[in-house]
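Colleague: Before we start, here is the structure in question, set down as structure tokens.
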Amino acid sequence: MTVPGLPMAVPSRDLPTRVRIHEVGARDGLQNEKATVPTEVKAEFIRRLADAGLTTIEATSFVHPKWVPQLADAEALFPMVADLPVALPVLVPNERGLDRALGLGARRVAVFASATESFAKANLNRTVDEALAMFEPVVSRAKAASVHVRGYLSMCFGDPWEGAVPIPQVVKVCRALLDMGCDELSLGDTIGVATPGHVVVLLAALDEAGVPPTALGVHFHDTYGQALANTLAALQQGVTTVDASAGGLGGCPYAKSATGNLATEDLVWMLRGLGIDTGIDLGRLVATSTWMAAQLGRPSPSRTVRALSHEDTEEH
């Protein structure tokens, strides 16, 4: 149930006053569903997220339908939401994906790299260096078209095959992505093994290598219940962009131990309590995730959605 005035806002001087949430539920969340969600439902989901105040909503992925059949409708979906007054980044794995995205007027794209050889092989069937070489013309062509480019980096904190990932290895790939022209990077804790101290040390190493927190977003999974603690550690180091998924949807199809993303509602609740502005209407967001959970036929895993939703929740 909703209680007026809660959570009580208690600001801290070592935290930012505003955080931009990069919503990934419509792409990273729905691509992990066993059943294919109808295109019209995806479009409505994105529209409701925008109505709740989210300003960056990852819409879809222009990958080959064979690899991610749940997002095979990218060409049909994107025009259905392109009129929204929000940023709608899309994932492009190669030049063909970029051509498809640009052909529909996409102005923000993302490439998906790996910090480890094992995941690069599993996800892209390439070595880390081969994957970077594949992304270079994608990024250069996107920048030539004045398109914003985000670089995702998976397995920054641990790998299911390799175990611990050396920090210099992560820094090297981050530096390569920035050098090829990426506007921002998202550090992925793909299997959810990060802890706050690890986050602080990695961010410090990146800053020392010329990758400042202002160029970074963080993408934590909640496998071991550490996502919010890790996010707070990142905010204390100056990061102001946080990836999250409405209702906690999503995982990673190529990493079987990965569980859901950090739930956007849980993040917003924490940020509200810290006096940090997000511009998000939490009630509308909860209603949206409750609606989406009904479409999927199961309850939302988000603790905040469960705490705030009730039978007479108004749908927006």
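Following the order of the structure tokens, first chain is A, next is B, and so on, with residues numbered from 1 inside each chain and ligands from 1 in the order they appear.
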What's the 10 Å shell around His148 of chain A, counting only C-alpha atoms, without same-chain residues fewer than 3 positions away, as a PyMOL selection string?

Modeller: chain A and resi 89+106-110+139+142-143+145+181-184

Colleague: For the selection you just gave me, I'd like the residues written to a file as a compact mmCIF listing (two decimals), in the first residue's frame, keeping all heavy atoms.

Modeller:
```txt
# COMPACT_ATOMS: atom_id res chain seq x y z
N PRO A 89 16.95 4.29 -27.66
CA PRO A 89 18.10 3.57 -28.18
C PRO A 89 17.73 2.15 -28.60
O PRO A 89 16.80 1.55 -28.05
CB PRO A 89 19.09 3.56 -27.01
CG PRO A 89 18.28 3.87 -25.81
CD PRO A 89 17.10 4.66 -26.24
N ALA A 106 16.33 5.68 -36.38
CA ALA A 106 16.88 5.61 -35.03
C ALA A 106 18.01 6.62 -34.86
O ALA A 106 18.86 6.76 -35.75
CB ALA A 106 17.39 4.20 -34.74
N ARG A 107 18.03 7.31 -33.72
CA ARG A 107 19.05 8.33 -33.46
C ARG A 107 19.98 7.95 -32.32
O ARG A 107 20.92 8.67 -32.00
CB ARG A 107 18.39 9.68 -33.12
CG ARG A 107 17.45 10.20 -34.17
CD ARG A 107 18.07 10.25 -35.56
NE ARG A 107 19.27 11.07 -35.58
CZ ARG A 107 20.22 11.00 -36.52
NH1 ARG A 107 20.13 10.10 -37.48
NH2 ARG A 107 21.27 11.80 -36.47
N ARG A 108 19.73 6.81 -31.70
CA ARG A 108 20.60 6.31 -30.63
C ARG A 108 20.73 4.80 -30.81
O ARG A 108 19.72 4.09 -30.90
CB ARG A 108 20.02 6.63 -29.25
CG ARG A 108 19.86 8.12 -28.97
CD ARG A 108 19.19 8.36 -27.63
NE ARG A 108 20.10 8.18 -26.52
CZ ARG A 108 20.78 9.16 -25.93
NH1 ARG A 108 20.65 10.40 -26.36
NH2 ARG A 108 21.58 8.92 -24.92
N VAL A 109 21.97 4.32 -30.86
CA VAL A 109 22.21 2.89 -31.01
C VAL A 109 23.19 2.42 -29.94
O VAL A 109 23.85 3.23 -29.28
CB VAL A 109 22.77 2.54 -32.42
CG1 VAL A 109 21.80 2.98 -33.51
CG2 VAL A 109 24.16 3.14 -32.64
N ALA A 110 23.25 1.10 -29.77
CA ALA A 110 24.17 0.52 -28.79
C ALA A 110 24.83 -0.71 -29.38
O ALA A 110 24.19 -1.49 -30.11
CB ALA A 110 23.42 0.16 -27.51
N VAL A 139 30.37 1.86 -35.21
CA VAL A 139 30.46 3.09 -34.43
C VAL A 139 30.84 4.27 -35.31
O VAL A 139 30.22 5.35 -35.22
CB VAL A 139 31.47 2.93 -33.27
CG1 VAL A 139 31.64 4.25 -32.53
CG2 VAL A 139 31.03 1.83 -32.31
N ALA A 142 27.89 5.29 -37.45
CA ALA A 142 26.85 5.91 -36.63
C ALA A 142 27.24 7.34 -36.27
O ALA A 142 26.41 8.26 -36.37
CB ALA A 142 26.63 5.09 -35.36
N LYS A 143 28.48 7.54 -35.87
CA LYS A 143 28.94 8.89 -35.51
C LYS A 143 28.92 9.82 -36.73
O LYS A 143 28.60 11.00 -36.60
CB LYS A 143 30.33 8.83 -34.90
CG LYS A 143 30.43 8.09 -33.56
CD LYS A 143 29.39 8.56 -32.56
CE LYS A 143 29.58 10.02 -32.19
NZ LYS A 143 28.48 10.51 -31.32
N ALA A 145 26.81 9.77 -38.96
CA ALA A 145 25.41 10.13 -39.16
C ALA A 145 24.85 10.91 -37.97
O ALA A 145 23.64 11.09 -37.84
CB ALA A 145 24.58 8.86 -39.39
N GLY A 181 34.94 5.78 -30.42
CA GLY A 181 33.93 6.80 -30.61
C GLY A 181 32.65 6.66 -29.82
O GLY A 181 31.73 7.46 -29.99
N CYS A 182 32.54 5.66 -28.93
CA CYS A 182 31.33 5.52 -28.13
C CYS A 182 31.13 6.75 -27.25
O CYS A 182 32.09 7.28 -26.67
CB CYS A 182 31.40 4.27 -27.26
SG CYS A 182 31.19 2.72 -28.16
N ASP A 183 29.91 7.21 -27.15
CA ASP A 183 29.60 8.39 -26.34
C ASP A 183 29.50 8.05 -24.86
O ASP A 183 29.79 8.89 -24.01
CB ASP A 183 28.27 9.00 -26.80
CG ASP A 183 28.35 9.53 -28.22
OD1 ASP A 183 28.99 10.57 -28.40
OD2 ASP A 183 27.80 8.88 -29.12
N GLU A 184 29.03 6.84 -24.56
CA GLU A 184 28.92 6.41 -23.17
C GLU A 184 29.09 4.90 -23.11
O GLU A 184 28.92 4.20 -24.12
CB GLU A 184 27.58 6.82 -22.55
CG GLU A 184 26.38 6.10 -23.11
CD GLU A 184 25.09 6.39 -22.33
OE1 GLU A 184 25.17 6.82 -21.16
OE2 GLU A 184 24.01 6.18 -22.90
```

Colleague: DSSP says strand (DSSP E) for which residues of segment 48-220 of chain A? Put them as a PyMOL selection string?

Modeller: chain A and resi 56-57+60-61+90-91+108-114+148-154+184-189+216-220

Colleague: Sort by chain and increasing residue number a table of all residues of segment 179-207 of chain A within 10 Å of segment 213-216 of chain A, each with its closest pair of atoms and their distance in Å to one decimal, counting only C-alpha atoms, and write it as JSON lines.

Modeller:
```
{"residue": "A:Cys182", "atom": "CA", "partner": "A:Ala215", "partner_atom": "CA", "distance": 9.3}
{"residue": "A:Asp183", "atom": "CA", "partner": "A:Ala215", "partner_atom": "CA", "distance": 7.1}
{"residue": "A:Glu184", "atom": "CA", "partner": "A:Ala215", "partner_atom": "CA", "distance": 4.9}
{"residue": "A:Leu185", "atom": "CA", "partner": "A:Leu216", "partner_atom": "CA", "distance": 4.9}
{"residue": "A:Ser186", "atom": "CA", "partner": "A:Leu216", "partner_atom": "CA", "distance": 5.7}
{"residue": "A:Leu187", "atom": "CA", "partner": "A:Leu216", "partner_atom": "CA", "distance": 7.2}
{"residue": "A:Leu203", "atom": "CA", "partner": "A:Pro213", "partner_atom": "CA", "distance": 7.1}
{"residue": "A:Ala204", "atom": "CA", "partner": "A:Pro213", "partner_atom": "CA", "distance": 8.9}
{"residue": "A:Leu206", "atom": "CA", "partner": "A:Pro213", "partner_atom": "CA", "distance": 8.1}
{"residue": "A:Asp207", "atom": "CA", "partner": "A:Pro213", "partner_atom": "CA", "distance": 6.8}
```

Colleague: Export, as a compact mmCIF listing (two decimals), in the first residue's frame, the selected residues with all heavy atoms.

Modeller:
```txt
# COMPACT_ATOMS: atom_id res chain seq x y z
N CYS A 182 32.54 5.66 -28.93
CA CYS A 182 31.33 5.52 -28.13
C CYS A 182 31.13 6.75 -27.25
O CYS A 182 32.09 7.28 -26.67
CB CYS A 182 31.40 4.27 -27.26
SG CYS A 182 31.19 2.72 -28.16
N ASP A 183 29.91 7.21 -27.15
CA ASP A 183 29.60 8.39 -26.34
C ASP A 183 29.50 8.05 -24.86
O ASP A 183 29.79 8.89 -24.01
CB ASP A 183 28.27 9.00 -26.80
CG ASP A 183 28.35 9.53 -28.22
OD1 ASP A 183 28.99 10.57 -28.40
OD2 ASP A 183 27.80 8.88 -29.12
N GLU A 184 29.03 6.84 -24.56
CA GLU A 184 28.92 6.41 -23.17
C GLU A 184 29.09 4.90 -23.11
O GLU A 184 28.92 4.20 -24.12
CB GLU A 184 27.58 6.82 -22.55
CG GLU A 184 26.38 6.10 -23.11
CD GLU A 184 25.09 6.39 -22.33
OE1 GLU A 184 25.17 6.82 -21.16
OE2 GLU A 184 24.01 6.18 -22.90
N LEU A 185 29.45 4.42 -21.94
CA LEU A 185 29.62 2.99 -21.73
C LEU A 185 28.70 2.53 -20.60
O LEU A 185 28.43 3.29 -19.66
CB LEU A 185 31.07 2.66 -21.35
CG LEU A 185 32.16 3.10 -22.31
CD1 LEU A 185 33.53 2.70 -21.76
CD2 LEU A 185 31.97 2.50 -23.69
N SER A 186 28.25 1.28 -20.68
CA SER A 186 27.47 0.69 -19.61
C SER A 186 28.22 -0.52 -19.09
O SER A 186 28.48 -1.47 -19.84
CB SER A 186 26.08 0.26 -20.12
OG SER A 186 25.38 -0.44 -19.12
N LEU A 187 28.59 -0.48 -17.80
CA LEU A 187 29.35 -1.56 -17.18
C LEU A 187 28.38 -2.63 -16.69
O LEU A 187 27.58 -2.39 -15.80
CB LEU A 187 30.16 -1.03 -16.00
CG LEU A 187 31.12 0.12 -16.29
CD1 LEU A 187 31.80 0.57 -15.00
CD2 LEU A 187 32.17 -0.30 -17.32
N LEU A 203 35.72 1.49 -10.76
CA LEU A 203 35.47 2.86 -11.19
C LEU A 203 36.70 3.74 -11.00
O LEU A 203 36.99 4.61 -11.83
CB LEU A 203 34.28 3.44 -10.44
CG LEU A 203 32.91 2.84 -10.82
CD1 LEU A 203 31.82 3.36 -9.89
CD2 LEU A 203 32.56 3.16 -12.26
N ALA A 204 37.43 3.52 -9.92
CA ALA A 204 38.66 4.28 -9.68
C ALA A 204 39.70 3.97 -10.76
O ALA A 204 40.38 4.88 -11.27
CB ALA A 204 39.22 3.97 -8.30
N LEU A 206 39.13 2.92 -13.80
CA LEU A 206 38.66 3.51 -15.06
C LEU A 206 38.93 5.01 -15.10
O LEU A 206 39.39 5.56 -16.11
CB LEU A 206 37.17 3.23 -15.25
CG LEU A 206 36.81 1.80 -15.65
CD1 LEU A 206 35.32 1.54 -15.46
CD2 LEU A 206 37.23 1.52 -17.10
N ASP A 207 38.65 5.68 -13.99
CA ASP A 207 38.89 7.12 -13.92
C ASP A 207 40.37 7.43 -14.14
O ASP A 207 40.73 8.38 -14.86
CB ASP A 207 38.42 7.64 -12.56
CG ASP A 207 38.29 9.15 -12.53
OD1 ASP A 207 38.03 9.75 -13.59
OD2 ASP A 207 38.42 9.73 -11.44
```

Colleague: I'd like the interatomic distance between atom CA of Ile276 of chain A and atom CA of Ala205 of chain A, to a tenth of an Å.

Modeller: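 Atom-to-atom, atom CA of Ile276 of chain A and atom CA of Ala205 of chain A are spaced 25.9 Å apart.
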
Colleague: Could you go through segment 2-249 of chain A and tell me which residues DSSP, when run on the backbone, assigns to helix (DSSP H, G or I), listing them as a PyMOL selection string?

Modeller: chain A and resi 25-32+39-51+69-71+74-81+95-103+117-124+128-144+167-179+196-208+213-215+227-236+246-248

Colleague: Let me see the file: selected residues, C-alpha atoms, as a compact mmCIF listing (two decimals), in the first residue's frame.

Modeller:
```
# COMPACT_ATOMS: atom_id res chain seq x y z
CA GLY A 25 12.77 -3.66 -19.78
CA ALA A 26 11.35 -3.47 -23.28
CA ARG A 27 14.55 -4.84 -24.82
CA ASP A 28 16.70 -6.68 -22.27
CA GLY A 29 13.66 -7.75 -20.30
CA LEU A 30 11.38 -9.00 -23.05
CA GLN A 31 14.15 -10.69 -25.05
CA ASN A 32 14.43 -13.20 -22.23
CA THR A 39 4.21 -6.23 -30.96
CA GLU A 40 1.21 -4.15 -29.90
CA VAL A 41 1.81 -5.08 -26.24
CA LYS A 42 5.48 -4.08 -26.52
CA ALA A 43 4.50 -0.73 -28.02
CA GLU A 44 1.96 -0.12 -25.26
CA PHE A 45 4.56 -1.05 -22.65
CA ILE A 46 7.00 1.53 -24.05
CA ARG A 47 4.28 4.18 -24.21
CA ARG A 48 3.29 3.55 -20.60
CA LEU A 49 6.93 3.75 -19.52
CA ALA A 50 7.24 7.12 -21.25
CA ASP A 51 4.01 8.26 -19.61
CA PRO A 69 13.30 -14.44 -31.97
CA GLN A 70 11.50 -12.47 -29.25
CA LEU A 71 12.71 -9.24 -30.94
CA ALA A 74 11.96 -4.65 -34.55
CA GLU A 75 10.98 -3.20 -37.95
CA ALA A 76 7.30 -3.28 -37.01
CA LEU A 77 7.75 -2.04 -33.43
CA PHE A 78 10.05 0.94 -33.82
CA PRO A 79 7.72 3.02 -36.06
CA MET A 80 4.92 2.44 -33.55
CA VAL A 81 6.82 4.31 -30.82
CA GLU A 95 26.60 -3.04 -39.84
CA ARG A 96 23.51 -4.82 -41.12
CA GLY A 97 21.74 -4.08 -37.83
CA LEU A 98 22.86 -0.46 -38.06
CA ASP A 99 21.47 -0.18 -41.61
CA ARG A 100 18.10 -1.48 -40.42
CA ALA A 101 18.04 0.94 -37.47
CA LEU A 102 19.10 3.98 -39.47
CA GLY A 103 16.56 3.12 -42.15
CA GLU A 117 36.99 -14.17 -24.19
CA SER A 118 34.54 -16.86 -23.07
CA PHE A 119 31.49 -14.62 -23.22
CA ALA A 120 32.62 -13.01 -26.48
CA LYS A 121 32.74 -16.50 -27.96
CA ALA A 122 29.35 -17.51 -26.50
CA ASN A 123 27.55 -14.28 -27.37
CA LEU A 124 29.23 -13.16 -30.60
CA VAL A 128 37.22 -9.85 -27.80
CA ASP A 129 39.51 -8.22 -30.37
CA GLU A 130 37.50 -9.61 -33.30
CA ALA A 131 34.31 -8.24 -31.76
CA LEU A 132 35.87 -4.81 -31.30
CA ALA A 133 37.01 -4.88 -34.92
CA MET A 134 33.45 -5.69 -35.98
CA PHE A 135 32.07 -2.78 -33.96
CA GLU A 136 34.54 -0.19 -35.25
CA PRO A 137 32.80 0.48 -38.60
CA VAL A 138 29.42 0.38 -36.86
CA VAL A 139 30.46 3.09 -34.43
CA SER A 140 32.26 5.21 -37.04
CA ARG A 141 29.28 5.09 -39.43
CA ALA A 142 26.85 5.91 -36.63
CA LYS A 143 28.94 8.89 -35.51
CA ALA A 144 29.22 10.08 -39.12
CA ILE A 167 40.28 -5.10 -13.55
CA PRO A 168 42.96 -4.12 -16.13
CA GLN A 169 41.18 -6.37 -18.64
CA VAL A 170 37.92 -4.46 -18.15
CA VAL A 171 39.70 -1.11 -18.35
CA LYS A 172 41.40 -2.10 -21.62
CA VAL A 173 38.13 -2.92 -23.38
CA CYS A 174 36.40 0.19 -21.99
CA ARG A 175 39.21 2.33 -23.25
CA ALA A 176 38.99 0.68 -26.70
CA LEU A 177 35.26 1.37 -26.93
CA LEU A 178 35.70 5.02 -25.98
CA ASP A 179 38.60 5.41 -28.38
CA PRO A 196 30.32 -2.56 -3.55
CA GLY A 197 34.06 -2.62 -2.90
CA HIS A 198 34.67 -4.16 -6.32
CA VAL A 199 32.53 -1.43 -7.91
CA VAL A 200 34.55 1.32 -6.21
CA VAL A 201 37.91 -0.15 -7.25
CA LEU A 202 36.85 -0.67 -10.88
CA LEU A 203 35.47 2.86 -11.19
CA ALA A 204 38.66 4.28 -9.68
CA ALA A 205 40.79 2.31 -12.17
CA LEU A 206 38.66 3.51 -15.06
CA ASP A 207 38.89 7.12 -13.92
CA GLU A 208 42.67 6.82 -13.70
CA PRO A 213 32.20 8.40 -14.19
CA THR A 214 30.35 10.96 -16.33
CA ALA A 215 30.94 8.67 -19.34
CA ALA A 227 22.22 -4.59 -7.12
CA LEU A 228 21.04 -1.66 -4.99
CA ALA A 229 24.15 -1.72 -2.79
CA ASN A 230 26.33 -1.72 -5.90
CA THR A 231 24.31 1.11 -7.41
CA LEU A 232 24.75 3.22 -4.28
CA ALA A 233 28.52 2.61 -4.40
CA ALA A 234 28.58 3.75 -8.04
CA LEU A 235 26.59 6.89 -7.25
CA GLN A 236 29.05 7.74 -4.49
CA ALA A 246 10.61 -2.11 -15.12
CA GLY A 247 9.28 -4.84 -12.89
CA GLY A 248 12.70 -6.50 -12.74
```

Colleague: Counting only C-alpha atoms, which of A:Gly273, A:Gly279, A:Gly192, A:Gly53 gets nearest to Met155 of chain A?

Modeller: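 Using only C-alpha atoms, the shortest distance to Met155 of chain A belongs to A:Gly192.
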
Colleague: With distances taken over only C-alpha atoms, which residue among A:Val149, A:Val3, A:Val37, A:Ile21 lies nearest Val218 of chain A?

Modeller: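 Of all the options, A:Ile21 lies closest to Val218 of chain A.
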
Colleague: To one decimal place, how far is atom CA of Phe112 of chain A from atom CA of Leu267 of chain A in Å?

Modeller: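 Taking atom CA of Phe112 of chain A and atom CA of Leu267 of chain A, their separation equals 23.6 Å.
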
Colleague: Do a neighbour search on Ala87 of chain A at 8 Å with only C-alpha atoms, toss out local chain neighbours closer than 4 positions, and write the hits as a list of chain:residue names.

Modeller: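 So the residues in contact are A:Thr55, A:Thr56, A:Ile57, A:Glu58, A:Arg108.
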
Colleague: In Å to one decimal, how far is atom CA of Asn125 of chain A from atom CA of Val242 of chain A?

Modeller: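 Atom-to-atom, atom CA of Val242 of chain A and atom CA of Asn125 of chain A are spaced 28.3 Å apart.
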
Colleague: Compile the contact shell of His221 of chain A as a VMD selection string: residues with an atom at most 10 Å away, counting only C-alpha atoms, same-chain residues fewer than 6 positions apart removed.

Modeller: chain A and resid 188 to 194 227 to 228 230 243 to 245 248 250 to 252 258 to 263

Colleague: Which is closest to Ser302 of chain A among A:Pro4, A:Gly225, A:Pro166, A:Gly151, if we use only C-alpha atoms?

Modeller: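 Of all the options, A:Gly225 lies closest to Ser302 of chain A.
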